[in-house]
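Engineer: Below is entry-v4.cif; it holds mmCIF, C-alpha atoms.
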data_target
loop_
_atom_site.group_PDB
_atom_site.id
_atom_site.type_symbol
_atom_site.label_atom_id
_atom_site.label_comp_id
_atom_site.auth_asym_id
_atom_site.auth_seq_id
_atom_site.Cartn_x
_atom_site.Cartn_y
_atom_site.Cartn_z
ATOM 1 C CA MET C 1 12.047 6.411 3.562
ATOM 2 C CA PRO C 2 8.755 7.162 1.749
ATOM 3 C CA THR C 3 5.592 7.026 3.845
ATOM 4 C CA PHE C 4 2.586 4.915 2.920
ATOM 5 C CA GLU C 5 -0.923 3.977 3.894
ATOM 6 C CA THR C 6 -3.150 1.087 2.902
ATOM 7 C CA LEU C 7 -6.818 1.449 2.134
ATOM 8 C CA PRO C 8 -9.228 -1.128 3.616
ATOM 9 C CA ARG C 9 -9.691 -2.914 0.266
ATOM 10 C CA PHE C 10 -5.905 -3.324 -0.093
ATOM 11 C CA THR C 11 -5.721 -4.831 3.398
ATOM 12 C CA ALA C 12 -8.550 -7.251 2.566
ATOM 13 C CA ASP C 13 -6.946 -8.170 -0.773
ATOM 14 C CA LEU C 14 -3.581 -8.733 0.918
ATOM 15 C CA GLN C 15 -5.104 -11.313 3.248
ATOM 16 C CA HIS C 16 -6.236 -13.341 0.221
ATOM 17 C CA LEU C 17 -2.670 -13.706 -1.056
ATOM 18 C CA THR C 18 -0.564 -16.683 -0.087
ATOM 19 C CA PRO C 19 2.295 -16.082 2.358
ATOM 20 C CA ALA C 20 4.743 -16.529 -0.552
ATOM 21 C CA GLN C 21 2.908 -13.894 -2.608
ATOM 22 C CA ARG C 22 2.944 -11.444 0.317
ATOM 23 C CA ARG C 23 6.683 -12.000 0.779
ATOM 24 C CA ARG C 24 7.310 -11.458 -2.925
ATOM 25 C CA PHE C 25 5.305 -8.224 -2.973
ATOM 26 C CA ARG C 26 7.121 -6.884 0.084
ATOM 27 C CA ARG C 27 10.493 -7.821 -1.413
ATOM 28 C CA VAL C 28 9.716 -6.038 -4.703
ATOM 29 C CA VAL C 29 8.567 -2.941 -2.819
ATOM 30 C CA ARG C 30 11.609 -2.974 -0.513
ATOM 31 C CA GLU C 31 14.253 -3.801 -3.156
ATOM 32 C CA ALA C 32 12.935 -1.961 -6.237
ATOM 33 C CA PHE C 33 9.942 0.344 -5.703
ATOM 34 C CA VAL C 34 11.233 2.227 -2.641
ATOM 35 C CA PRO C 35 14.778 2.669 -4.029
ATOM 36 C CA ASP C 36 13.299 4.067 -7.256
ATOM 37 C CA LEU C 37 11.103 6.468 -5.268
ATOM 38 C CA ARG C 38 14.158 7.627 -3.340
ATOM 39 C CA THR C 39 16.104 8.519 -6.479
ATOM 40 C CA GLY C 40 13.228 10.547 -7.905
ATOM 41 C CA ARG C 41 13.994 9.212 -11.374
ATOM 42 C CA GLN C 42 11.863 6.978 -13.551
ATOM 43 C CA PHE C 43 10.884 3.596 -12.186
ATOM 44 C CA ARG C 44 12.877 0.649 -13.495
ATOM 45 C CA PRO C 45 11.220 -1.089 -16.459
ATOM 46 C CA GLY C 46 10.815 -4.376 -14.558
ATOM 47 C CA LEU C 47 8.189 -2.780 -12.285
ATOM 48 C CA ARG C 48 6.067 -1.973 -15.335
ATOM 49 C CA ILE C 49 4.510 1.053 -13.636
ATOM 50 C CA LYS C 50 1.633 2.352 -15.740
ATOM 51 C CA GLY C 51 -1.196 4.775 -15.190
ATOM 52 C CA VAL C 52 -4.697 3.318 -15.123
ATOM 53 C CA ARG C 53 -6.585 5.324 -17.747
ATOM 54 C CA CYS C 54 -10.052 4.986 -16.223
ATOM 55 C CA ALA C 55 -8.732 5.983 -12.787
ATOM 56 C CA PRO C 56 -6.706 9.186 -13.232
ATOM 57 C CA GLY C 57 -3.845 9.493 -10.751
ATOM 58 C CA VAL C 58 -3.820 5.745 -10.026
ATOM 59 C CA TYR C 59 -0.941 3.539 -11.148
ATOM 60 C CA GLU C 60 -0.377 -0.180 -11.356
ATOM 61 C CA LEU C 61 2.782 -1.947 -10.229
ATOM 62 C CA THR C 62 3.733 -5.417 -11.457
ATOM 63 C CA TRP C 63 5.227 -7.479 -8.633
ATOM 64 C CA ALA C 64 4.872 -10.970 -10.181
ATOM 65 C CA PRO C 65 3.926 -12.401 -13.605
ATOM 66 C CA ASP C 66 0.239 -12.179 -12.596
ATOM 67 C CA GLY C 67 0.701 -9.964 -9.538
ATOM 68 C CA ARG C 68 -0.497 -6.378 -9.618
ATOM 69 C CA ALA C 69 -1.004 -3.619 -7.080
ATOM 70 C CA THR C 70 -2.664 -0.256 -7.617
ATOM 71 C CA TRP C 71 -1.499 2.865 -5.841
ATOM 72 C CA SER C 72 -1.480 6.645 -5.975
ATOM 73 C CA TYR C 73 0.531 9.488 -4.550
ATOM 74 C CA GLY C 74 -0.996 11.011 -1.438
ATOM 75 C CA GLY C 75 -0.268 14.299 0.264
ATOM 76 C CA GLU C 76 3.133 14.518 1.936
ATOM 77 C CA ILE C 77 3.222 13.333 5.541
ATOM 78 C CA VAL C 78 6.927 14.110 5.946
ATOM 79 C CA ALA C 79 8.190 17.123 4.025
ATOM 80 C CA GLY C 80 10.141 16.129 0.935
ATOM 81 C CA LEU C 81 9.196 12.431 1.055
ATOM 82 C CA PRO C 82 6.645 10.825 -1.278
ATOM 83 C CA HIS C 83 3.543 9.353 0.346
ATOM 84 C CA ILE C 84 2.072 6.243 -1.310
ATOM 85 C CA VAL C 85 -1.555 5.153 -0.953
ATOM 86 C CA TRP C 86 -2.023 1.451 -1.748
ATOM 87 C CA HIS C 87 -5.483 0.720 -3.223
ATOM 88 C CA ARG C 88 -5.622 -2.920 -4.402
ATOM 89 C CA ILE C 89 -3.384 -5.983 -4.687
ATOM 90 C CA GLY C 90 -3.896 -9.316 -6.407
ATOM 91 C CA THR C 91 -3.881 -10.654 -9.932
ATOM 92 C CA HIS C 92 -4.356 -8.777 -13.189
ATOM 93 C CA SER C 93 -8.130 -8.905 -12.516
ATOM 94 C CA ILE C 94 -7.892 -6.122 -9.905
ATOM 95 C CA LEU C 95 -7.498 -3.686 -12.801
ATOM 96 C CA ASP C 96 -11.254 -4.047 -13.412
ATOM 97 C CA GLN C 97 -11.752 -2.155 -10.133
ATOM 98 C CA PRO C 98 -8.407 -0.426 -9.442
ATOM 99 C CA LEU C 99 -9.832 1.700 -6.630
ATOM 100 C CA GLY C 100 -11.713 -1.148 -5.003
ATOM 101 C CA GLY C 101 -15.082 0.526 -5.537
ATOM 102 C CA ARG C 102 -18.184 -0.959 -7.008
ATOM 103 C CA SER C 103 -17.839 0.712 -10.397
ATOM 104 C CA ALA C 104 -16.061 -1.505 -12.872
ATOM 105 C CA CYS C 105 -13.294 -0.146 -15.050
ATOM 106 C CA ARG C 106 -14.708 -1.762 -18.181
ATOM 107 C CA ARG C 107 -15.679 -0.382 -21.522
ATOM 108 C CA GLY C 108 -17.187 -2.530 -24.217
ATOM 109 C CA GLY C 109 -16.612 -5.723 -22.227
ATOM 110 C CA THR C 110 -12.831 -5.323 -21.971
ATOM 111 C CA ALA C 111 -10.761 -4.020 -19.123
ATOM 112 C CA CYS C 112 -9.838 -0.370 -19.317
ATOM 113 C CA ALA C 113 -6.383 0.041 -20.848
ATOM 114 C CA ARG C 114 -3.417 1.405 -18.992
ATOM 115 C CA THR C 115 -1.283 4.308 -20.034
ATOM 116 C CA SER C 116 2.454 4.801 -19.888
ATOM 117 C CA MET C 117 3.800 6.778 -16.997
#
Would you write the structure of this file as structure tokens?
Structural biologist:
Amino acid sequence: MPTFETLPRFTADLQHLTPAQRRRFRRVVREAFVPDLRTGRQFRPGLRIKGVRCAPGVYELTWAPDGRATWSYGGEIVAGLPHIVWHRIGTHSILDQPLGGRSACRRGGTACARTSM
């Protein structure tokens, strides 16, 4: 089982989701994200995992039509198992600040584009 940690902004964001949204996110992580991590192969297309260009090393995960979460790989806690650091969760708008910091991920008035993984 991969290890994970949540940053304070992720925890705060999570509390703003409805109970149904939290259940859906947890289900997607449990039934799709974690199994894909275990195989070590590419993530299934339905997760729409993409790198966030203005935040190198940070990825977005689609867990609902307008549900996104940003995350990165952290240092291994258990040898041989990936460690996931969850940064933000919410709607598509979190991509303006994928790390939860004060600096916006905007250029020319539009959100910074994502890159393929």
Engineer: Tell me, as a PyMOL selection string, which residues lie within 10 Å of C:Gly90, counting only C-alpha atoms; anything in the same chain fewer than 2 positions away does not count.
Structural biologist: chain C and resi 10+13-17+21-22+25+62-64+66-70+88+92-95
Engineer: Return the single residue from C:Ile49, C:Asp36, C:Pro98, C:Pro2 that is closest to C:Pro82, with distances computed using only C-alpha atoms.
Structural biologist: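 Counting only C-alpha atoms, the residue closest to C:Pro82 is C:Pro2.
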Engineer: Translate the PyMOL selection byres ((chain C and resi 99) around 12), as applied to the file shown, into an explicit residue set as a ChimeraX atom specification.
Structural biologist: /C:6-10,13,52,54-60,69-72,85-89,94-98,100-105
Engineer: At what distance in Å, to one decimal, does atom CA of C:Arg26 lie from atom CA of C:Thr3?
Structural biologist: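 Answer for the atom CA of C:Thr3 to atom CA of C:Arg26 separation: 14.5 Å.
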Engineer: How many Å lie between atom CA of C:Pro19 and atom CA of C:Pro35, rounded to one decimal?
Structural biologist: 23.4 Å
Engineer: Counting all atoms listed in the file, which of C:Gly46, C:Leu37, C:Val28, C:Arg23 gets nearest to C:Tyr73?
Structural biologist: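 The shortest atom-to-atom distance to C:Tyr73 comes from C:Leu37.
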Engineer: Applying the PyMOL selection byres ((chain C and resi 80) around 12) to the file I just gave you, which residues come out? Please list them as a list in words.
Structural biologist: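 This file, filtered by the PyMOL selection byres ((chain C and resi 80) around 12), leaves Met1, Pro2, Thr3, Leu37, Arg38, Gly40, Gly75, Glu76, Ile77, Val78, Ala79, Leu81, Pro82 and His83 of chain C.
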Engineer: Restrict the selected residues to C-alpha atoms and save them as an mmCIF file, in the coordinates of the input.
Structural biologist:
data_model
loop_
_atom_site.group_PDB
_atom_site.id
_atom_site.type_symbol
_atom_site.label_atom_id
_atom_site.label_comp_id
_atom_site.auth_asym_id
_atom_site.auth_seq_id
_atom_site.Cartn_x
_atom_site.Cartn_y
_atom_site.Cartn_z
ATOM 1 C CA MET C 1 12.047 6.411 3.562
ATOM 2 C CA PRO C 2 8.755 7.162 1.749
ATOM 3 C CA THR C 3 5.592 7.026 3.845
ATOM 4 C CA LEU C 37 11.103 6.468 -5.268
ATOM 5 C CA ARG C 38 14.158 7.627 -3.340
ATOM 6 C CA GLY C 40 13.228 10.547 -7.905
ATOM 7 C CA GLY C 75 -0.268 14.299 0.264
ATOM 8 C CA GLU C 76 3.133 14.518 1.936
ATOM 9 C CA ILE C 77 3.222 13.333 5.541
ATOM 10 C CA VAL C 78 6.927 14.110 5.946
ATOM 11 C CA ALA C 79 8.190 17.123 4.025
ATOM 12 C CA LEU C 81 9.196 12.431 1.055
ATOM 13 C CA PRO C 82 6.645 10.825 -1.278
ATOM 14 C CA HIS C 83 3.543 9.353 0.346
#
Engineer: Point out the residue among C:Pro65, C:Ala12, C:Gly74, C:Ile84 with the least atom-to-atom distance to C:Phe33, counting all atoms listed in the file.
Structural biologist: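 When distances to C:Phe33 are compared using all atoms listed in the file, the smallest one comes from C:Ile84.
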Engineer: Mind giving me the straight-line distance from atom CA of C:Pro45 to atom CA of C:Arg30 in Å, one decimal?
Structural biologist: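 Value for the atom CA of C:Pro45-atom CA of C:Arg30 distance: 16.1 Å.
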